[in-house]
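S.K.: Below is one structure. I have some questions about it.
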Amino acid sequence: MTGLRDRVRDRVRERWHGLGRPERVLVWLFLATVALKVFVYVGVAGDVLVGDEAYYLDSGRALSNALRDVVWLRAPDTAEMDRIVVGSGWFMPGMSVVLTPFYLLFPTAPLAAARLYLAVLTSLLLLVTALRVRRTLGNASAGAILVYPGLVPTYAAFGAAGWGDSAAGLMAVIVICQAIDMLRTVREHGSISWRAGLALGVYAIVAVYFRSSVSLLVVGVLGVTFVVSMMLAAPRERGRVVLSYVAAGVAFLAILAPWSVGASLALDARVVTTVSVPTVRANTFGDRDRLCFGECDPGSSIWFSPLRYSREQARATGLSEVDIADEMSAYARQDVTSTSYARDVAINTGRYFGQPARFATLLRWQDSPVDIVPLAEVVTLGLFYPASLLILVVLGAWTRRSFDHQLQLVLLKVSVLALMVQPFVHIAGPRYWTTMAPLLGLGAALLWALRRDRLADLPRTDGTVARLLYAAQVGLGLFALTVVVVVALLAL
């Protein structure tokens, strides 16, 4: 036993000495994220569920029950699946699927154990993402993600909670890396394999399962990647390029289908991802006092009173509760004007960027031996607002010097703009920044690389695709500026 331990220690020492300085820095940064996660976990490992967490954990238990029935050759309880997993159709079940193996093995596990399980898995996902970023974009970009958001205490708290927002953001980074790898391949070899497209589709749908709000992001990234791939491909290889994206689409739809079909049948309406948008738009931009064709039941929240009313109306009329919710939303938004909408967007944007450490307070365990809130507030605020300014810098940046950096910048701009659609269609809050945070880590590293390109006075790239990418950079930046100016003018 001692000899085995010595051999393992010698092997580890050999591997450590074989690493270069940048790789050692990455190892220490990841260990720092783990240490922070351990500290934060002690502060949140209590018995209080916050908001939507209850759905994800209950749904994970229901899925584990169904899987257990299948293993024992019993008919799954479809009523439980419809009632708990589909529920109101408001949530994608990605985190519930992640929790299913845990509850399959430990059906009566306490919340603290579930939080530990999630903390470990999200640390592993951060590691996998950093390794993928290192392989595609280099050590600096991987290190940037490990710093922001890896060393943000509130982000670490999210990693031990049941929401899928932070996991969706990390998967979005993997989608971007896969897209960049595919574009590099088609530029160098004139074609790409269907397996690369298949992987892109799988990564994209996994991101959507964690959080449906990234749907526009993955559609944008896939769209840009397809157009640029077709322009870069050799004429005789364009059929193979199309095949790779067909494979991406097939993988995406095949994995989405079980949820979409099941939810559509349970709710008697067409469900692609989620159906919460009508109620959310009414509560965000409409008159809440008219949402139930008048005032809703005051004894519940702004979410569940309309849901209960739509279900009661559906039973009384024989219509789908989803169709009723659409009618309720339209009724509540009858008096929305461009000015009121713009003002609500501005308020909603303030909610998105306000109180970034709030959920550390909500998740805090009162009986914990440590209080994570002071650290969370100081460090989160110190990192969050400088990083948020990068949104403006990334959207306003452009380059013509490096083809690879042009690709990265266009994909980042598309991704950031896609996520910033939320204040325009959905109520925002201080938990949603965790999805965008890894993209801003990539953005910081890219801006530093662009600065190096200018200092080195690299020559400009030329060609049709390079000009298209440059036009896309400028166009996306001008589009963002135009939207901001229009909203500001309308809101005055």
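By order of appearance in the structure tokens: chains A, B, ..., then residues from 1 within every chain, and ligands from 1 in the order shown.
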Please list as a list in words every residue within 7 Å of stretch 286-294 of chain A, counting only C-alpha atoms and excluding residues in the same chain fewer than 3 positions away.
M.R.: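 The residues satisfying every condition are Arg281, Ala282, Asn283, Pro306, Tyr309, Met328, Ser329, Tyr331, Ala332, Arg333 and Val336 of chain A.
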S.K.: Do you know which residues are at most 8 Å from A:Gly477 counting only C-alpha atoms, after dropping those on the same chain fewer than 3 positions away, and could you put them as a CSV table (one decimal) with all heavy atoms, in the first residue's frame?
M.R.:
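The result, written out as part-v1.csv:
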```csv
chain,number,residue,atom,x,y,z
A,395,LEU,N,-19.6,45.0,-27.3
A,395,LEU,CA,-20.6,45.3,-28.4
A,395,LEU,C,-20.0,46.5,-29.3
A,395,LEU,O,-20.3,46.5,-30.5
A,395,LEU,CB,-21.9,45.8,-27.8
A,395,LEU,CG,-22.7,44.7,-27.2
A,395,LEU,CD1,-24.0,45.2,-26.5
A,395,LEU,CD2,-23.1,43.6,-28.2
A,396,GLY,N,-19.2,47.3,-28.7
A,396,GLY,CA,-18.6,48.4,-29.5
A,396,GLY,C,-17.3,48.1,-30.1
A,396,GLY,O,-16.8,48.9,-30.9
A,397,ALA,N,-16.7,47.0,-29.9
A,397,ALA,CA,-15.4,46.6,-30.4
A,397,ALA,C,-15.5,46.1,-31.8
A,397,ALA,O,-16.5,45.6,-32.3
A,397,ALA,CB,-14.7,45.6,-29.5
A,413,LYS,N,-20.8,38.8,-29.7
A,413,LYS,CA,-21.8,39.8,-29.8
A,413,LYS,C,-23.1,39.2,-30.0
A,413,LYS,O,-24.1,39.7,-29.4
A,413,LYS,CB,-21.4,40.7,-31.0
A,413,LYS,CG,-20.2,41.7,-30.8
A,413,LYS,CD,-20.1,42.7,-31.9
A,413,LYS,CE,-18.9,43.7,-31.6
A,413,LYS,NZ,-18.9,44.8,-32.5
A,473,GLN,N,-19.6,42.7,-37.3
A,473,GLN,CA,-19.2,43.4,-36.0
A,473,GLN,C,-19.7,44.8,-35.9
A,473,GLN,O,-20.3,45.1,-34.9
A,473,GLN,CB,-17.6,43.4,-36.0
A,473,GLN,CG,-16.9,42.1,-35.9
A,473,GLN,CD,-15.4,42.3,-36.1
A,473,GLN,OE1,-14.8,43.0,-35.4
A,473,GLN,NE2,-14.9,41.6,-37.1
A,474,VAL,N,-19.5,45.5,-37.0
A,474,VAL,CA,-20.0,46.9,-36.9
A,474,VAL,C,-21.5,47.0,-36.9
A,474,VAL,O,-22.1,47.8,-36.1
A,474,VAL,CB,-19.5,47.7,-38.2
A,474,VAL,CG1,-20.0,49.1,-38.2
A,474,VAL,CG2,-17.9,47.7,-38.2
A,480,ALA,N,-27.1,47.5,-31.5
A,480,ALA,CA,-27.2,47.6,-30.0
A,480,ALA,C,-27.4,49.1,-29.6
A,480,ALA,O,-28.2,49.5,-28.8
A,480,ALA,CB,-26.0,47.0,-29.3
A,481,LEU,N,-26.5,50.0,-30.2
A,481,LEU,CA,-26.6,51.4,-29.9
A,481,LEU,C,-28.0,52.0,-30.3
A,481,LEU,O,-28.6,52.8,-29.6
A,481,LEU,CB,-25.5,52.1,-30.7
A,481,LEU,CG,-25.5,53.6,-30.5
A,481,LEU,CD1,-25.2,54.0,-29.1
A,481,LEU,CD2,-24.4,54.3,-31.4
```
S.K.: Considering only C-alpha atoms, give me a table of residues in stretch 150-186 of chain A that are at most 12 Å from stretch 140-144 of chain A, with the closest atom pair and distance in Å for each, as CSV.
M.R.:
```
residue,atom,partner,partner_atom,distance
A:Gly150,CA,A:Ala144,CA,8.7
A:Leu151,CA,A:Ala144,CA,10.1
A:Leu170,CA,A:Ala142,CA,11.9
A:Val173,CA,A:Ala142,CA,10.8
A:Ile174,CA,A:Ala142,CA,11.7
A:Cys177,CA,A:Ser141,CA,11.2
```
S.K.: Set the distance at 9 Å and use only C-alpha atoms: which residues neighbour A:Ala179 once local chain neighbours fewer than 6 positions away are removed? I'd like the list as a PyMOL selection string.
M.R.: chain A and resi 196-197+200+221-222+225+411
S.K.: Suppose we keep N, CA and C atoms; can you now write the selection as a compact mmCIF listing (two decimals), in the first residue's frame?
M.R.:
```txt
# COMPACT_ATOMS: atom_id res chain seq x y z
N ALA A 196 -19.09 16.49 -36.14
CA ALA A 196 -18.92 17.82 -35.53
C ALA A 196 -20.27 18.52 -35.41
N GLY A 197 -21.09 18.42 -36.46
CA GLY A 197 -22.42 19.01 -36.39
C GLY A 197 -23.29 18.34 -35.34
N LEU A 200 -22.39 19.70 -32.03
CA LEU A 200 -22.90 21.06 -31.86
C LEU A 200 -24.38 21.04 -31.49
N VAL A 221 -25.99 31.49 -32.76
CA VAL A 221 -24.66 30.91 -32.96
C VAL A 221 -24.69 29.90 -34.10
N LEU A 222 -25.70 29.02 -34.11
CA LEU A 222 -25.79 28.04 -35.18
C LEU A 222 -26.00 28.72 -36.54
N THR A 225 -22.69 30.31 -37.65
CA THR A 225 -21.75 29.26 -37.99
C THR A 225 -22.09 28.62 -39.34
N LEU A 411 -19.38 35.99 -32.71
CA LEU A 411 -20.16 35.03 -31.93
C LEU A 411 -20.46 35.56 -30.53
```
S.K.: Residues near A:Pro235, anyone? I mean within 10 Å using only C-alpha atoms, not counting same-chain ones fewer than 5 positions away, as a PyMOL selection string.
M.R.: chain A and resi 190-191+230
S.K.: For A:Val34, find every residue with an atom within 10 Å (counting only C-alpha atoms), except residues of its own chain fewer than 6 positions away, and show them as a ChimeraX atom specification.
M.R.: /A:28,40,119-120,123-124,127,150-151,156
S.K.: Applying 8 Å and only C-alpha atoms, which residues near A:Pro356 remain after dropping the ones on its own chain fewer than 2 positions away? List them as a PyMOL selection string.
M.R.: chain A and resi 154+353-354+358-359+380-381+384+430-431+433
S.K.: Would you kindly return, as a list in words, each protein, DNA or RNA residue with an atom no farther than 8 Å from any atom of A:Leu146, considering only C-alpha atoms and excluding same-chain residues fewer than 5 positions away?
M.R.: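 Returned residues: Leu26, Leu29, Phe30, Thr33, Leu126, Ala130 and Leu151 of chain A.
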S.K.: Can you write out the residues you just picked, keeping N, CA, C and O atoms, as a PDB file, in the first residue's frame?
M.R.:
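So the final result, stored in again32.pdb, reads:
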```pdb
ATOM      1  N   LEU A  26      -3.548  27.909 -14.052  1.00  0.00           N
ATOM      2  CA  LEU A  26      -4.909  27.413 -14.234  1.00  0.00           C
ATOM      3  C   LEU A  26      -5.278  26.404 -13.155  1.00  0.00           C
ATOM      4  O   LEU A  26      -6.416  26.413 -12.657  1.00  0.00           O
ATOM      5  N   LEU A  29      -5.982  28.315 -10.019  1.00  0.00           N
ATOM      6  CA  LEU A  29      -7.253  29.035 -10.122  1.00  0.00           C
ATOM      7  C   LEU A  29      -8.427  28.090  -9.920  1.00  0.00           C
ATOM      8  O   LEU A  29      -9.395  28.428  -9.223  1.00  0.00           O
ATOM      9  N   PHE A  30      -8.370  26.910 -10.532  1.00  0.00           N
ATOM     10  CA  PHE A  30      -9.471  25.975 -10.343  1.00  0.00           C
ATOM     11  C   PHE A  30      -9.557  25.528  -8.889  1.00  0.00           C
ATOM     12  O   PHE A  30     -10.669  25.424  -8.332  1.00  0.00           O
ATOM     13  N   THR A  33     -11.390  28.065  -7.028  1.00  0.00           N
ATOM     14  CA  THR A  33     -12.850  27.999  -7.208  1.00  0.00           C
ATOM     15  C   THR A  33     -13.450  26.888  -6.357  1.00  0.00           C
ATOM     16  O   THR A  33     -14.556  27.039  -5.824  1.00  0.00           O
ATOM     17  N   LEU A 126     -17.690  23.394 -14.599  1.00  0.00           N
ATOM     18  CA  LEU A 126     -16.782  24.534 -14.767  1.00  0.00           C
ATOM     19  C   LEU A 126     -15.413  24.059 -15.233  1.00  0.00           C
ATOM     20  O   LEU A 126     -14.791  24.669 -16.117  1.00  0.00           O
ATOM     21  N   ALA A 130     -13.670  25.001 -18.730  1.00  0.00           N
ATOM     22  CA  ALA A 130     -12.360  25.645 -18.775  1.00  0.00           C
ATOM     23  C   ALA A 130     -11.383  24.856 -19.644  1.00  0.00           C
ATOM     24  O   ALA A 130     -10.593  25.440 -20.410  1.00  0.00           O
ATOM     25  N   LEU A 151     -14.639  32.790  -9.494  1.00  0.00           N
ATOM     26  CA  LEU A 151     -14.276  33.281  -8.158  1.00  0.00           C
ATOM     27  C   LEU A 151     -15.297  34.280  -7.605  1.00  0.00           C
ATOM     28  O   LEU A 151     -14.986  35.027  -6.677  1.00  0.00           O
TER      29      LEU A 151
END
```
S.K.: So that I can check the secondary structure, give me every residue of stretch 156-347 of chain A assigned helix (DSSP H, G or I) by backbone DSSP, as number ranges by chain.
M.R.: A: 156-159, 165-189, 194-210, 212-232, 235-267, 277-285, 288-290, 304-317, 321-332, 338-347
S.K.: Record the distance separating atom CA of A:Val322 and atom CA of A:Ile84, expressed in Å with one decimal.
M.R.: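 Those two atoms sit 16.7 Å apart.
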S.K.: In Å, how far is it from atom CA of A:Leu458 to atom CA of A:Val410?
M.R.: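 Calculated distance between atom CA of A:Leu458 and atom CA of A:Val410 is 19.2 Å.
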